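> Pasting a structure here, questions to come.
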Amino acid sequence: MSPRQAGLPGEGRRRTPGLRRAEVALLSGMSVDWYTWLEQARPIQVSAQVLESLSRALQLDANERKHLYLLALRQMPADTLHRESAVSDRLQKFLDQQGDQPAVVYDPRLNIVGWNKPACKVYGDYAQMTERERNSVWRIFMDPYFRVLLREGWEGKARLRLAQFRANYGQFTGDSWWTEFIAELSETSEEFAEWWQQHDVLDSPEGSKLLYHPVAGTLSFDHISFHPTDAPDLSITVHLPLEDTAARMRLLVG
């Protein structure tokens, strides 16, 4: 960024076209020493307010701002999740075009923020659920329907979901939502409280799944999960029917 782009007067010839440290510090409202220590990754305590000032001074775009937070605090900006969790019309169209294959969209908190009709037929009507009920970690520990749906596979899937949740939690350590959610679920679920202390971390797709649906009978799926390029904090999971599950899904969806 040139001084002119930053709104500063030019000073003739410069050894580099970019801003000097003193200029960045001035624009960000911090001392030159403090900015220098930040730039050098000294062991100092940097607040979100400082990073916001620096982001504005350097006119960072959304991706650059997130990168700065990850470098300085090892976590995402607190407002990023809410800003990027909305499902676009294009993404909803993709979900609806999956035929009889259940498809859902997760945010980093593992909330279900997007779904299609087949997903509702298998897991319940997400449109009628509260935000807490649409959290897949909360549901697998607190909703009796999931114990019926998974039977003997419940513990393995619950531990897997919890490990995925902890992997995401590493990006938001200290965020009040995560702290309150973990405390509340620890009080209401003995399994969650016990397993959370084991610190299992898993950042990978779930693989196959066997469900015992009360109407459709046994359903067997493979999964494919990916991130849309225009909303990389969202994760899309499409269930791919195995064996005779495709026929059962056609009957279930109608």
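Here, A, B, ... name the chains of the structure tokens in the order displayed, residue numbers run from 1 inside each chain, and ligands are numbered from 1 in the same displayed order.
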For region 115-132 of chain A, find every residue with an atom within 7 Å (counting only C-alpha atoms), except residues of its own chain fewer than 4 positions away, and show them as a list in words.

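So, after excluding close chain neighbours, the residues are Leu95, Asp96, Asp100, Gln101, Pro102, Ala103, Val104, Val105, Trp138, Leu252 and Val253 of chain A.
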
> Which residue gives the smallest distance to Leu73 (chain A) among A:Asp175, A:Glu180, A:Glu152, A:Asp230, with only C-alpha atoms counted?

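Nearest to Leu73 (chain A): A:Asp175.
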
> Among the residues of region 3-248 of chain A, find those DSSP assigns to helix (DSSP H, G or I) from the backbone and print them as a PyMOL selection string.

chain A and resi 21-28+32-39+48-57+62-73+80-84+89-96+117-123+126-128+136-142+144-169+176-188+190-196+245-248

> Would you save the residues of that selection, restricted to C-alpha atoms, as a tab-separated table (two decimals), in the first residue's frame?


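File written: result.tsv
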chain	number	residue	atom	x	y	z
A	21	ARG	CA	6.49	1.05	10.28
A	22	ALA	CA	5.93	4.47	11.82
A	23	GLU	CA	3.21	5.19	9.28
A	24	VAL	CA	1.40	1.90	9.93
A	25	ALA	CA	1.61	2.54	13.68
A	26	LEU	CA	0.24	6.06	13.22
A	27	LEU	CA	-2.68	4.87	11.11
A	28	SER	CA	-3.44	2.07	13.58
A	32	VAL	CA	5.97	2.28	16.83
A	33	ASP	CA	7.53	-0.06	19.40
A	34	TRP	CA	4.29	-1.96	19.93
A	35	TYR	CA	3.68	-2.32	16.21
A	36	THR	CA	7.28	-3.46	15.71
A	37	TRP	CA	6.90	-6.11	18.41
A	38	LEU	CA	3.68	-7.30	16.78
A	39	GLU	CA	5.37	-7.49	13.38
A	48	ALA	CA	-8.94	-7.89	18.90
A	49	GLN	CA	-9.27	-4.10	19.02
A	50	VAL	CA	-5.64	-3.71	17.96
A	51	LEU	CA	-6.12	-6.15	15.10
A	52	GLU	CA	-9.26	-4.32	13.98
A	53	SER	CA	-7.35	-1.02	13.92
A	54	LEU	CA	-4.57	-2.64	11.92
A	55	SER	CA	-7.07	-4.23	9.51
A	56	ARG	CA	-8.67	-0.84	8.84
A	57	ALA	CA	-5.32	0.91	8.46
A	62	ALA	CA	-12.27	-10.33	4.55
A	63	ASN	CA	-9.79	-13.12	3.75
A	64	GLU	CA	-6.76	-11.00	4.67
A	65	ARG	CA	-8.43	-9.99	7.95
A	66	LYS	CA	-9.08	-13.63	8.87
A	67	HIS	CA	-5.47	-14.49	8.03
A	68	LEU	CA	-4.25	-11.71	10.33
A	69	TYR	CA	-6.38	-13.02	13.21
A	70	LEU	CA	-5.10	-16.56	12.72
A	71	LEU	CA	-1.51	-15.33	12.72
A	72	ALA	CA	-1.87	-13.13	15.80
A	73	LEU	CA	-4.49	-14.90	17.94
A	80	THR	CA	-16.89	-14.18	10.93
A	81	LEU	CA	-19.12	-17.12	11.75
A	82	HIS	CA	-22.36	-15.15	11.73
A	83	ARG	CA	-21.45	-13.27	8.57
A	84	GLU	CA	-20.56	-16.37	6.57
A	89	ASP	CA	-29.52	-19.13	-3.17
A	90	ARG	CA	-27.01	-20.89	-5.42
A	91	LEU	CA	-25.99	-23.28	-2.64
A	92	GLN	CA	-29.62	-23.99	-1.71
A	93	LYS	CA	-30.32	-24.79	-5.36
A	94	PHE	CA	-27.45	-27.28	-5.30
A	95	LEU	CA	-28.90	-28.97	-2.20
A	96	ASP	CA	-32.34	-29.19	-3.76
A	117	LYS	CA	-36.08	-32.32	1.79
A	118	PRO	CA	-34.47	-35.80	1.95
A	119	ALA	CA	-32.34	-34.69	4.91
A	120	CYS	CA	-35.48	-33.61	6.76
A	121	LYS	CA	-37.14	-36.95	6.01
A	122	VAL	CA	-34.23	-38.79	7.60
A	123	TYR	CA	-33.18	-36.51	10.47
A	126	TYR	CA	-34.87	-28.62	10.50
A	127	ALA	CA	-37.16	-25.70	9.64
A	128	GLN	CA	-39.21	-26.45	12.77
A	136	SER	CA	-25.52	-31.58	15.42
A	137	VAL	CA	-23.44	-32.02	18.61
A	138	TRP	CA	-26.34	-31.02	20.83
A	139	ARG	CA	-28.76	-33.31	18.97
A	140	ILE	CA	-26.62	-36.43	19.01
A	141	PHE	CA	-26.16	-36.17	22.79
A	142	MET	CA	-29.57	-34.77	23.79
A	144	PRO	CA	-33.37	-39.57	22.00
A	145	TYR	CA	-34.23	-39.94	18.30
A	146	PHE	CA	-30.54	-40.23	17.45
A	147	ARG	CA	-30.07	-43.16	19.81
A	148	VAL	CA	-32.96	-44.89	18.02
A	149	LEU	CA	-31.56	-43.93	14.62
A	150	LEU	CA	-28.02	-45.14	15.33
A	151	ARG	CA	-28.64	-47.98	17.84
A	152	GLU	CA	-25.34	-49.74	18.70
A	153	GLY	CA	-23.45	-47.27	16.52
A	154	TRP	CA	-24.48	-44.28	18.65
A	155	GLU	CA	-21.40	-44.09	20.87
A	156	GLY	CA	-18.95	-44.28	17.97
A	157	LYS	CA	-20.77	-41.56	16.01
A	158	ALA	CA	-21.18	-39.38	19.12
A	159	ARG	CA	-17.45	-39.60	19.90
A	160	LEU	CA	-16.63	-38.83	16.27
A	161	ARG	CA	-18.90	-35.78	16.22
A	162	LEU	CA	-17.40	-34.55	19.49
A	163	ALA	CA	-13.86	-34.94	18.12
A	164	GLN	CA	-14.79	-32.94	15.02
A	165	PHE	CA	-16.32	-30.28	17.28
A	166	ARG	CA	-13.11	-30.03	19.31
A	167	ALA	CA	-11.05	-29.69	16.12
A	168	ASN	CA	-13.15	-26.69	15.13
A	169	TYR	CA	-13.06	-25.31	18.68
A	176	SER	CA	-18.09	-16.90	24.52
A	177	TRP	CA	-20.46	-19.02	22.42
A	178	TRP	CA	-18.18	-22.06	22.59
A	179	THR	CA	-17.49	-21.59	26.30
A	180	GLU	CA	-21.19	-21.36	27.17
A	181	PHE	CA	-22.19	-24.24	24.87
A	182	ILE	CA	-19.54	-26.59	26.30
A	183	ALA	CA	-20.49	-25.68	29.87
A	184	GLU	CA	-24.21	-26.20	29.24
A	185	LEU	CA	-23.80	-29.53	27.46
A	186	SER	CA	-21.35	-30.73	30.12
A	187	GLU	CA	-24.04	-30.11	32.76
A	188	THR	CA	-26.80	-31.90	30.82
A	190	GLU	CA	-22.71	-37.14	31.37
A	191	GLU	CA	-21.22	-38.71	28.24
A	192	PHE	CA	-20.28	-35.32	26.79
A	193	ALA	CA	-18.73	-34.19	30.08
A	194	GLU	CA	-16.64	-37.36	30.35
A	195	TRP	CA	-15.54	-37.55	26.72
A	196	TRP	CA	-14.78	-33.83	26.41
A	245	THR	CA	-31.11	-47.46	0.27
A	246	ALA	CA	-31.75	-45.49	-2.92
A	247	ALA	CA	-35.08	-47.27	-3.40
A	248	ARG	CA	-36.00	-46.79	0.26

> Among region 19-248 of chain A, which residues does DSSP mark as strand (DSSP E) when it is run on the backbone? Keep the chain and numbering as in the structure and answer as an MDAnalysis selection string.

chainID A and resid 103:106 112:115 209:213 217:226 235:241

> Find the residues around Ser208 (chain A) up to 7 Å (only C-alpha atoms counted), leave out those fewer than 4 positions away in its own chain, and share them as a list of chain:residue names.

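Residues meeting the cut-off are A:Phe221, A:Asp222, A:His223.
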
> Any idea what the distance is between CA of Phe172 (chain A) and CA of Met76 (chain A)?

6.2 Å
